[in-house]
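Following: one structure in structure tokens, then a few remarks.
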Amino acid sequence: MLKYLSYVSQQSHSLTDSALENMLSQARSSNEAAGITGMLICYEGLFIQFLEGKEEDITSLFEKISKDKRHQEVLILDYGYSETRSFADWSMAFERLNPEEAREITGYKNLNRQALFSEAIDKEHPALQLLKSFIKNL
């Protein structure tokens, strides 16, 4: 049985393209070694991520992410267990979205920072809907 977890966080500072590429390279290498797969979306200073793997590995990784100084206001969107992977071929798929692309995918749901961190976390949360849209399109 696999554990999955998705979260949204604010970037503590703007990351350059090279810093982001370096972070992704390290994450992909670590995730592959731990058997973790998933997706990271960067959207206007936000990280929206879906992770899946062994329960202890996901728990450990999320604890590390929660303490990472690149993240602020880390908010769990959803978690649970699954028999199959949604991102079986990706140690860390990545997508950088602009506002127009996000609106197309989410059907004009509100993805501004205040709404993301003040709305109740439920299955209709805009960031969660964005992740589900990517999963459906794999």
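We label chains A, B, ... in the order they appear in the structure tokens, count residues from 1 in each chain, and number ligands from 1 in the order shown.
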Mind checking which residues fall within 10 Å of stretch 23-35 of chain A, counting only C-alpha atoms, ignoring those fewer than 3 positions away in the same chain, and posting them as a compact mmCIF listing (two decimals) with all heavy atoms, in the first residue's frame?
# COMPACT_ATOMS: atom_id res chain seq x y z
N LEU A 15 12.75 32.07 -6.44
CA LEU A 15 13.84 31.18 -6.86
C LEU A 15 14.22 31.48 -8.30
O LEU A 15 13.35 31.61 -9.16
CB LEU A 15 13.42 29.72 -6.75
CG LEU A 15 13.15 29.17 -5.36
CD1 LEU A 15 12.61 27.76 -5.45
CD2 LEU A 15 14.41 29.20 -4.52
N ASP A 17 15.81 30.50 -11.97
CA ASP A 17 15.66 29.27 -12.76
C ASP A 17 16.74 28.26 -12.40
O ASP A 17 16.46 27.06 -12.29
CB ASP A 17 15.72 29.58 -14.26
CG ASP A 17 14.46 30.25 -14.77
OD1 ASP A 17 13.42 30.21 -14.05
OD2 ASP A 17 14.50 30.81 -15.88
N SER A 18 17.97 28.72 -12.20
CA SER A 18 19.05 27.77 -11.88
C SER A 18 18.86 27.18 -10.48
O SER A 18 19.13 25.99 -10.28
CB SER A 18 20.42 28.43 -12.00
OG SER A 18 20.57 29.48 -11.09
N ALA A 19 18.37 27.96 -9.52
CA ALA A 19 18.11 27.43 -8.17
C ALA A 19 16.99 26.40 -8.23
O ALA A 19 17.05 25.36 -7.57
CB ALA A 19 17.75 28.55 -7.21
N LEU A 20 15.97 26.68 -9.03
CA LEU A 20 14.86 25.74 -9.18
C LEU A 20 15.33 24.46 -9.86
O LEU A 20 14.98 23.35 -9.43
CB LEU A 20 13.73 26.40 -9.97
CG LEU A 20 12.42 25.66 -10.06
CD1 LEU A 20 11.87 25.32 -8.68
CD2 LEU A 20 11.42 26.49 -10.83
N GLY A 38 6.01 11.64 -7.93
CA GLY A 38 5.11 12.75 -7.70
C GLY A 38 5.24 13.85 -8.71
O GLY A 38 5.84 13.69 -9.77
N LEU A 40 5.54 18.38 -8.95
CA LEU A 40 5.69 19.69 -8.35
C LEU A 40 5.22 20.73 -9.35
O LEU A 40 5.66 20.73 -10.50
CB LEU A 40 7.16 19.96 -7.98
CG LEU A 40 7.48 21.36 -7.46
CD1 LEU A 40 6.79 21.62 -6.12
CD2 LEU A 40 8.99 21.54 -7.33
N LEU A 51 2.96 13.86 -3.65
CA LEU A 51 4.00 12.86 -3.40
C LEU A 51 3.35 11.51 -3.14
O LEU A 51 2.27 11.45 -2.54
CB LEU A 51 4.82 13.25 -2.16
CG LEU A 51 5.55 14.59 -2.24
CD1 LEU A 51 5.98 15.02 -0.84
CD2 LEU A 51 6.73 14.49 -3.18
N GLU A 52 4.04 10.43 -3.54
CA GLU A 52 3.53 9.08 -3.27
C GLU A 52 4.70 8.13 -3.10
O GLU A 52 5.73 8.27 -3.73
CB GLU A 52 2.61 8.62 -4.41
CG GLU A 52 3.26 8.61 -5.76
CD GLU A 52 2.31 8.47 -6.93
OE1 GLU A 52 1.09 8.31 -6.72
OE2 GLU A 52 2.79 8.51 -8.07
N GLY A 53 4.52 7.18 -2.17
CA GLY A 53 5.57 6.20 -1.89
C GLY A 53 5.26 5.47 -0.60
O GLY A 53 4.14 5.50 -0.10
N LYS A 54 6.28 4.81 -0.04
CA LYS A 54 6.10 4.11 1.23
C LYS A 54 5.76 5.14 2.31
O LYS A 54 6.31 6.24 2.33
CB LYS A 54 7.37 3.37 1.63
CG LYS A 54 7.72 2.20 0.75
CD LYS A 54 9.00 1.56 1.24
CE LYS A 54 9.45 0.47 0.29
NZ LYS A 54 10.79 -0.03 0.67
N ASP A 57 8.61 6.84 4.14
CA ASP A 57 9.39 7.74 3.28
C ASP A 57 8.64 9.04 3.03
O ASP A 57 9.24 10.12 3.03
CB ASP A 57 9.72 7.05 1.95
CG ASP A 57 10.66 5.87 2.13
OD1 ASP A 57 11.45 5.87 3.09
OD2 ASP A 57 10.58 4.93 1.31
N ILE A 58 7.34 8.97 2.82
CA ILE A 58 6.54 10.18 2.59
C ILE A 58 6.49 11.01 3.86
O ILE A 58 6.64 12.24 3.82
CB ILE A 58 5.11 9.81 2.10
CG1 ILE A 58 5.18 9.13 0.72
CG2 ILE A 58 4.21 11.05 2.05
CD1 ILE A 58 5.81 9.94 -0.38
N LEU A 61 9.91 12.67 4.28
CA LEU A 61 10.12 13.73 3.29
C LEU A 61 9.27 14.96 3.62
O LEU A 61 9.76 16.09 3.54
CB LEU A 61 9.80 13.23 1.88
CG LEU A 61 9.93 14.27 0.76
CD1 LEU A 61 11.33 14.88 0.74
CD2 LEU A 61 9.58 13.63 -0.57
N ALA A 88 3.78 7.03 -11.72
CA ALA A 88 4.71 5.90 -11.68
C ALA A 88 6.00 6.14 -12.45
O ALA A 88 7.04 5.63 -12.07
CB ALA A 88 4.02 4.65 -12.21
N TRP A 90 7.54 9.08 -12.92
CA TRP A 90 8.14 10.38 -12.60
C TRP A 90 8.66 10.43 -11.17
O TRP A 90 7.88 10.43 -10.22
CB TRP A 90 7.10 11.50 -12.75
CG TRP A 90 6.59 11.65 -14.13
CD1 TRP A 90 5.45 11.10 -14.64
CD2 TRP A 90 7.18 12.40 -15.18
NE1 TRP A 90 5.31 11.46 -15.96
CE2 TRP A 90 6.35 12.27 -16.31
CE3 TRP A 90 8.34 13.18 -15.27
CZ2 TRP A 90 6.65 12.88 -17.52
CZ3 TRP A 90 8.62 13.79 -16.48
CH2 TRP A 90 7.78 13.64 -17.59
N SER A 91 9.99 10.51 -11.00
CA SER A 91 10.52 10.74 -9.66
C SER A 91 10.11 12.13 -9.19
O SER A 91 9.93 12.35 -8.00
CB SER A 91 12.04 10.58 -9.63
OG SER A 91 12.66 11.51 -10.50
N MET A 92 9.93 13.05 -10.10
CA MET A 92 9.36 14.35 -9.79
C MET A 92 9.02 15.07 -11.09
O MET A 92 9.87 15.71 -11.71
CB MET A 92 10.32 15.23 -8.97
CG MET A 92 9.71 16.54 -8.49
SD MET A 92 8.12 16.38 -7.66
CE MET A 92 8.49 15.22 -6.36
N ALA A 93 7.77 14.91 -11.53
CA ALA A 93 7.31 15.66 -12.68
C ALA A 93 7.27 17.13 -12.27
O ALA A 93 7.11 17.46 -11.10
CB ALA A 93 5.91 15.18 -13.11
N PHE A 94 7.42 18.03 -13.24
CA PHE A 94 7.46 19.45 -12.91
C PHE A 94 6.70 20.25 -13.94
O PHE A 94 6.75 19.96 -15.13
CB PHE A 94 8.92 19.94 -12.87
CG PHE A 94 9.03 21.42 -12.67
CD1 PHE A 94 8.76 21.98 -11.44
CD2 PHE A 94 9.40 22.25 -13.72
CE1 PHE A 94 8.85 23.36 -11.25
CE2 PHE A 94 9.50 23.62 -13.55
CZ PHE A 94 9.22 24.17 -12.31
DSSP on the backbone, helix (DSSP H, G or I) only: what residues of chain A does that give? Format it as a PyMOL selection string. chain A and resi 17-34+55-67+99-106+113-118+126-136
A:Ile76 surroundings by only C-alpha atoms, 9 Å radius, close-in-sequence under 2 positions cut, as a short mmCIF file (atom, residue, chain, number, x, y, z; two decimals) with C-alpha atoms, in the first residue's frame:
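File produced: selection_12.cif:
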data_model
loop_
_atom_site.label_atom_id
_atom_site.label_comp_id
_atom_site.auth_asym_id
_atom_site.auth_seq_id
_atom_site.Cartn_x
_atom_site.Cartn_y
_atom_site.Cartn_z
CA LEU A 5 0.18 13.42 0.25
CA SER A 6 -0.40 16.76 -1.42
CA TYR A 7 0.35 20.20 -0.07
CA VAL A 8 0.62 23.85 -1.02
CA SER A 9 3.21 26.29 0.32
CA VAL A 74 2.99 24.63 4.35
CA ASP A 78 -4.98 15.78 1.05
CA TYR A 79 -3.43 12.47 2.05
CA ILE A 121 -9.36 22.31 2.97
#
Restricting the calculation to only C-alpha atoms, which member of A:His13, A:Lys3, A:Arg70, A:Lys64 is positioned closest to A:Thr37? A:Lys3
Every residue of stretch 5-101 of chain A that DSSP places in strand (DSSP E or B), as number ranges by chain: A: 5-11, 37-43, 46-53, 71-82, 93-97
Those same residues, written as a short mmCIF file (atom, residue, chain, number, x, y, z; two decimals), in the first residue's frame with N, CA and C atoms?
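Result written to out35.cif:
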data_model
loop_
_atom_site.label_atom_id
_atom_site.label_comp_id
_atom_site.auth_asym_id
_atom_site.auth_seq_id
_atom_site.Cartn_x
_atom_site.Cartn_y
_atom_site.Cartn_z
N LEU A 5 0.37 12.18 -0.49
CA LEU A 5 0.18 13.42 0.25
C LEU A 5 0.33 14.58 -0.73
N SER A 6 -0.54 15.55 -0.62
CA SER A 6 -0.40 16.76 -1.42
C SER A 6 -0.45 17.97 -0.50
N TYR A 7 0.30 18.99 -0.88
CA TYR A 7 0.35 20.20 -0.07
C TYR A 7 0.54 21.42 -0.96
N VAL A 8 0.31 22.57 -0.38
CA VAL A 8 0.62 23.85 -1.02
C VAL A 8 1.45 24.65 -0.03
N SER A 9 2.41 25.42 -0.54
CA SER A 9 3.21 26.29 0.32
C SER A 9 3.59 27.54 -0.45
N GLN A 10 3.89 28.59 0.30
CA GLN A 10 4.41 29.80 -0.31
C GLN A 10 5.92 29.71 -0.34
N GLN A 11 6.51 30.15 -1.44
CA GLN A 11 7.97 30.21 -1.49
C GLN A 11 8.41 31.35 -0.58
N THR A 37 7.54 9.01 -5.96
CA THR A 37 7.18 9.63 -7.22
C THR A 37 6.23 10.79 -6.92
N GLY A 38 6.01 11.64 -7.93
CA GLY A 38 5.11 12.75 -7.70
C GLY A 38 5.24 13.85 -8.71
N MET A 39 4.67 15.01 -8.34
CA MET A 39 4.64 16.16 -9.23
C MET A 39 4.78 17.43 -8.42
N LEU A 40 5.54 18.38 -8.95
CA LEU A 40 5.69 19.69 -8.35
C LEU A 40 5.22 20.73 -9.35
N ILE A 41 4.34 21.61 -8.92
CA ILE A 41 3.87 22.72 -9.73
C ILE A 41 4.34 24.01 -9.07
N CYS A 42 4.94 24.88 -9.86
CA CYS A 42 5.29 26.22 -9.38
C CYS A 42 4.33 27.20 -10.04
N TYR A 43 3.69 27.99 -9.21
CA TYR A 43 2.71 28.94 -9.71
C TYR A 43 2.80 30.23 -8.91
N LEU A 46 4.23 29.99 -5.49
CA LEU A 46 3.67 28.89 -4.73
C LEU A 46 4.28 27.58 -5.19
N PHE A 47 4.39 26.64 -4.27
CA PHE A 47 4.67 25.25 -4.60
C PHE A 47 3.39 24.48 -4.35
N ILE A 48 2.97 23.68 -5.30
CA ILE A 48 1.85 22.76 -5.13
C ILE A 48 2.42 21.40 -5.50
N GLN A 49 2.39 20.46 -4.55
CA GLN A 49 3.08 19.19 -4.78
C GLN A 49 2.24 18.00 -4.37
N PHE A 50 2.41 16.92 -5.13
CA PHE A 50 1.80 15.62 -4.86
C PHE A 50 2.94 14.62 -4.75
N LEU A 51 2.96 13.86 -3.65
CA LEU A 51 4.00 12.86 -3.40
C LEU A 51 3.35 11.51 -3.14
N GLU A 52 4.04 10.43 -3.54
CA GLU A 52 3.53 9.08 -3.27
C GLU A 52 4.70 8.13 -3.10
N GLY A 53 4.52 7.18 -2.17
CA GLY A 53 5.57 6.20 -1.89
C GLY A 53 5.26 5.47 -0.60
N HIS A 71 10.22 27.13 2.02
CA HIS A 71 8.76 27.05 2.15
C HIS A 71 8.27 27.87 3.33
N GLN A 72 7.10 28.48 3.15
CA GLN A 72 6.37 29.12 4.24
C GLN A 72 4.93 28.63 4.17
N GLU A 73 4.26 28.65 5.28
CA GLU A 73 2.84 28.28 5.34
C GLU A 73 2.54 26.99 4.61
N VAL A 74 3.22 25.93 4.97
CA VAL A 74 2.99 24.63 4.35
C VAL A 74 1.64 24.10 4.83
N LEU A 75 0.77 23.80 3.89
CA LEU A 75 -0.60 23.40 4.20
C LEU A 75 -0.92 22.07 3.50
N ILE A 76 -1.22 21.04 4.26
CA ILE A 76 -1.60 19.75 3.67
C ILE A 76 -2.98 19.88 3.04
N LEU A 77 -3.07 19.47 1.78
CA LEU A 77 -4.34 19.50 1.06
C LEU A 77 -5.09 18.19 1.16
N ASP A 78 -4.35 17.09 1.06
CA ASP A 78 -4.98 15.78 1.05
C ASP A 78 -3.92 14.72 1.32
N TYR A 79 -4.33 13.60 1.88
CA TYR A 79 -3.43 12.47 2.05
C TYR A 79 -4.29 11.22 2.18
N GLY A 80 -3.67 10.09 1.95
CA GLY A 80 -4.39 8.83 2.05
C GLY A 80 -3.52 7.71 1.52
N TYR A 81 -4.17 6.63 1.12
CA TYR A 81 -3.46 5.43 0.68
C TYR A 81 -4.03 4.95 -0.64
N SER A 82 -3.18 4.34 -1.44
CA SER A 82 -3.59 3.88 -2.75
C SER A 82 -2.83 2.60 -3.10
N ALA A 93 7.77 14.91 -11.53
CA ALA A 93 7.31 15.66 -12.68
C ALA A 93 7.27 17.13 -12.27
N PHE A 94 7.42 18.03 -13.24
CA PHE A 94 7.46 19.45 -12.91
C PHE A 94 6.70 20.25 -13.94
N GLU A 95 6.02 21.27 -13.46
CA GLU A 95 5.29 22.17 -14.34
C GLU A 95 5.34 23.57 -13.74
N ARG A 96 5.70 24.53 -14.55
CA ARG A 96 5.63 25.93 -14.13
C ARG A 96 4.45 26.53 -14.88
N LEU A 97 3.48 27.02 -14.13
CA LEU A 97 2.26 27.54 -14.74
C LEU A 97 2.20 29.05 -14.67
#
